[in-house]
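> Structure incoming, see below.
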Amino acid sequence: MASLSLPLALYSGVIIFLLGTVFGSFINCLSYRVVKGEDPVRGRSRCVNCGHELSPSDLVPVFSYVFLRGRCRYCGEKISPRYLIAEVLMGLLFLFAFIRFGLSLSTMTVCGAAVILMGLSLTDLESYEIPDGFIIALIIWWAVSVLLKALTGQAWVRYLTDGIIGGVSVAGGILLLSLIFDRLLGKESLGGGDIKLFFAAGLFLGVASSLFNLILSCLVGLAFAFLLKKNKIPFGPSIALSTYLSMLFGPMVTGWYLSLL
Ligand SMILES: [Zn+2]
């Protein structure tokens, strides 16, 4: 971010955080509707409890929740803190991407992917399922990022081929392992949605960072299982968080590792 002066960098940071909260609000609502089997885009937002249609002033990310003290304006029922958490978290994910990559195509790519990853995480947490729509959205967003790289004269051919090889090799490897484990254990060891997610993540990450992502996902999954003291938690959110971190730090970590060899 050497090119931005400090006040401008701070100002951009605040704007990007707020933009993140807006996307957090949107993707949280979309995931809620996907789980409930409603039309994800059409229809006005309503209070989950009383069904009252919400006005624009009820829908300002973070602020509405704070000003209404986490309660519905119409019926007074408590609003799930999930709204606030998703909004703030999304804002932070946007902000960290900006701090890492500055005002750039990389930041945009990471932020877009983070929105989709958040959507599938929220859905997986509630329904133990990653709908294909999220995977397709990730693949389309990756294709857009390849196109934008090409249009802005960046090294897009390497990004494209490394992505495809990363996605196919890592997801293919996991598929093979899970088929072997399924046979040995006599039950499904890894959901099909998880393998598809590793494939889509691999497109963005390339070969080296995909391997890092695989290891990190398992560590994050173990950490979640330990912290939540549950033996059945969906794997999707762990892969999503790990993918986000790999997008930010994967090249750094793999570069350091390769320098040791
Ligand atoms: Zn209400």
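In the structure tokens, chains take letters A, B, ... by order of appearance, with residues numbered from 1 within each chain and ligands from 1 in the order shown.
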Check the DSSP output for the backbone and give back, as an MDAnalysis selection string, the residues of range 44-216 of chain A in helix (DSSP H, G or I).
chainID A and resid 56:58 63:67 82:101 105:127 132:151 156:185 192:216
> List as CSV every residue of chain A that is in contact with ligand 1, defined as an atom at most 8 Å from one of its atoms (using only C-alpha atoms and all ligand atoms), together with the nearest atom pair and the distance in Å rounded to one decimal, sorted by chain and then rising number.

```
residue,atom,partner,partner_atom_place_in_ligand_line,distance
A:Arg46,CA,ligand 1,1 (Zn),7.9
A:Cys47,CA,ligand 1,1 (Zn),4.6
A:Val48,CA,ligand 1,1 (Zn),6.5
A:Asn49,CA,ligand 1,1 (Zn),5.0
A:Cys50,CA,ligand 1,1 (Zn),4.1
A:Gly51,CA,ligand 1,1 (Zn),6.1
A:His52,CA,ligand 1,1 (Zn),5.9
A:Arg71,CA,ligand 1,1 (Zn),7.9
A:Cys72,CA,ligand 1,1 (Zn),4.6
A:Arg73,CA,ligand 1,1 (Zn),6.5
A:Tyr74,CA,ligand 1,1 (Zn),5.0
A:Cys75,CA,ligand 1,1 (Zn),4.2
A:Gly76,CA,ligand 1,1 (Zn),6.2
A:Glu77,CA,ligand 1,1 (Zn),5.8
```
> Those selected residues, please, written with C-alpha atoms and delivered as a PDB file, in the first residue's frame.

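Written file, part.pdb:
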```
ATOM      1  CA  ARG A  46     -39.264  -9.726   6.843  1.00  0.00           C
ATOM      2  CA  CYS A  47     -38.907 -10.198  10.583  1.00  0.00           C
ATOM      3  CA  VAL A  48     -38.396 -13.920  11.191  1.00  0.00           C
ATOM      4  CA  ASN A  49     -40.741 -13.779  14.206  1.00  0.00           C
ATOM      5  CA  CYS A  50     -43.657 -11.454  13.364  1.00  0.00           C
ATOM      6  CA  GLY A  51     -43.325 -11.412   9.565  1.00  0.00           C
ATOM      7  CA  HIS A  52     -43.483  -7.594   9.428  1.00  0.00           C
ATOM      8  CA  ARG A  71     -34.574  -6.501  18.818  1.00  0.00           C
ATOM      9  CA  CYS A  72     -37.267  -6.270  16.140  1.00  0.00           C
ATOM     10  CA  ARG A  73     -38.723  -2.739  15.931  1.00  0.00           C
ATOM     11  CA  TYR A  74     -42.230  -4.121  15.425  1.00  0.00           C
ATOM     12  CA  CYS A  75     -42.603  -7.059  17.797  1.00  0.00           C
ATOM     13  CA  GLY A  76     -39.661  -6.593  20.171  1.00  0.00           C
ATOM     14  CA  GLU A  77     -38.443 -10.162  19.666  1.00  0.00           C
TER      15      GLU A  77
END
```
> At a cut-off of 10 Å, using only C-alpha atoms, what residues contact Ser209 in chain A? Leave out same-chain residues fewer than 3 positions from it and give the result as an MDAnalysis selection string.
chainID A and resid 163 166 201:202 204:206 212:215 243 246:247 249:255
> I'd like to know which of A:Val60, A:Val34, A:Val220, A:Leu203 is closest to Phe134 in chain A, using only C-alpha atoms.
A:Val34
> So how many Å separate CA of Ser210 in chain A and CA of Leu160 in chain A, to one decimal?
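Distance reported for this atom pair: 14.1 Å.
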> Compare A:Tyr244, A:Ala223, A:Phe198, A:Pro131 by their minimum atom-to-atom distance to Gly37 in chain A, counting only C-alpha atoms, and give me the closest one.
A:Pro131
> Using only C-alpha atoms, pick whichever of A:Asn28, A:Asp124, A:Ile130, A:Glu53 has the shortest atom-to-atom distance to Tyr83 in chain A.
A:Asn28
> Write out as an MDAnalysis selection string which residues come within 9 Å of Leu241 in chain A when counting only C-alpha atoms, dropping same-chain ones fewer than 5 positions away.
chainID A and resid 114 117:118 121 217 220 236 246
> Take the residues just selected and output them with all heavy atoms as a PDB file, in the first residue's frame.

```pdb
ATOM      1  N   ALA A 114     -14.529 -14.410  -0.710  1.00  0.00           N
ATOM      2  CA  ALA A 114     -14.876 -14.459   0.717  1.00  0.00           C
ATOM      3  C   ALA A 114     -16.390 -14.396   0.920  1.00  0.00           C
ATOM      4  O   ALA A 114     -16.930 -15.061   1.808  1.00  0.00           O
ATOM      5  CB  ALA A 114     -14.187 -13.318   1.466  1.00  0.00           C
ATOM      6  N   LEU A 117     -17.686 -17.817   0.063  1.00  0.00           N
ATOM      7  CA  LEU A 117     -17.248 -18.762   1.107  1.00  0.00           C
ATOM      8  C   LEU A 117     -18.071 -18.580   2.387  1.00  0.00           C
ATOM      9  O   LEU A 117     -18.425 -19.551   3.058  1.00  0.00           O
ATOM     10  CB  LEU A 117     -15.754 -18.574   1.407  1.00  0.00           C
ATOM     11  CG  LEU A 117     -14.785 -19.006   0.295  1.00  0.00           C
ATOM     12  CD1 LEU A 117     -13.374 -18.518   0.586  1.00  0.00           C
ATOM     13  CD2 LEU A 117     -14.806 -20.522   0.121  1.00  0.00           C
ATOM     14  N   MET A 118     -18.393 -17.324   2.706  1.00  0.00           N
ATOM     15  CA  MET A 118     -19.226 -17.048   3.884  1.00  0.00           C
ATOM     16  C   MET A 118     -20.622 -17.630   3.673  1.00  0.00           C
ATOM     17  O   MET A 118     -21.196 -18.246   4.574  1.00  0.00           O
ATOM     18  CB  MET A 118     -19.325 -15.531   4.110  1.00  0.00           C
ATOM     19  CG  MET A 118     -20.289 -15.121   5.209  1.00  0.00           C
ATOM     20  SD  MET A 118     -19.654 -15.503   6.840  1.00  0.00           S
ATOM     21  CE  MET A 118     -18.714 -14.016   7.140  1.00  0.00           C
ATOM     22  N   SER A 121     -20.532 -21.348   4.054  1.00  0.00           N
ATOM     23  CA  SER A 121     -20.258 -21.720   5.444  1.00  0.00           C
ATOM     24  C   SER A 121     -21.524 -21.636   6.295  1.00  0.00           C
ATOM     25  O   SER A 121     -21.843 -22.551   7.055  1.00  0.00           O
ATOM     26  CB  SER A 121     -19.204 -20.795   6.055  1.00  0.00           C
ATOM     27  OG  SER A 121     -17.983 -20.921   5.371  1.00  0.00           O
ATOM     28  N   SER A 217      -6.788 -26.662   6.403  1.00  0.00           N
ATOM     29  CA  SER A 217      -8.209 -26.987   6.594  1.00  0.00           C
ATOM     30  C   SER A 217      -8.379 -28.038   7.683  1.00  0.00           C
ATOM     31  O   SER A 217      -9.285 -27.940   8.519  1.00  0.00           O
ATOM     32  CB  SER A 217      -8.821 -27.527   5.300  1.00  0.00           C
ATOM     33  OG  SER A 217      -8.833 -26.543   4.308  1.00  0.00           O
ATOM     34  N   VAL A 220      -7.646 -26.410  11.065  1.00  0.00           N
ATOM     35  CA  VAL A 220      -8.753 -25.540  11.476  1.00  0.00           C
ATOM     36  C   VAL A 220      -9.946 -26.400  11.899  1.00  0.00           C
ATOM     37  O   VAL A 220     -10.600 -26.123  12.911  1.00  0.00           O
ATOM     38  CB  VAL A 220      -9.152 -24.578  10.327  1.00  0.00           C
ATOM     39  CG1 VAL A 220     -10.422 -23.815  10.665  1.00  0.00           C
ATOM     40  CG2 VAL A 220      -8.021 -23.601  10.025  1.00  0.00           C
ATOM     41  N   GLY A 236     -17.204 -27.682   5.866  1.00  0.00           N
ATOM     42  CA  GLY A 236     -17.207 -26.546   4.941  1.00  0.00           C
ATOM     43  C   GLY A 236     -16.642 -25.252   5.507  1.00  0.00           C
ATOM     44  O   GLY A 236     -15.763 -24.632   4.893  1.00  0.00           O
ATOM     45  N   SER A 246      -5.365 -18.970   2.965  1.00  0.00           N
ATOM     46  CA  SER A 246      -4.403 -19.395   1.946  1.00  0.00           C
ATOM     47  C   SER A 246      -4.314 -18.384   0.814  1.00  0.00           C
ATOM     48  O   SER A 246      -3.256 -18.186   0.226  1.00  0.00           O
ATOM     49  CB  SER A 246      -4.800 -20.761   1.382  1.00  0.00           C
ATOM     50  OG  SER A 246      -4.845 -21.729   2.391  1.00  0.00           O
TER      51      SER A 246
END
```
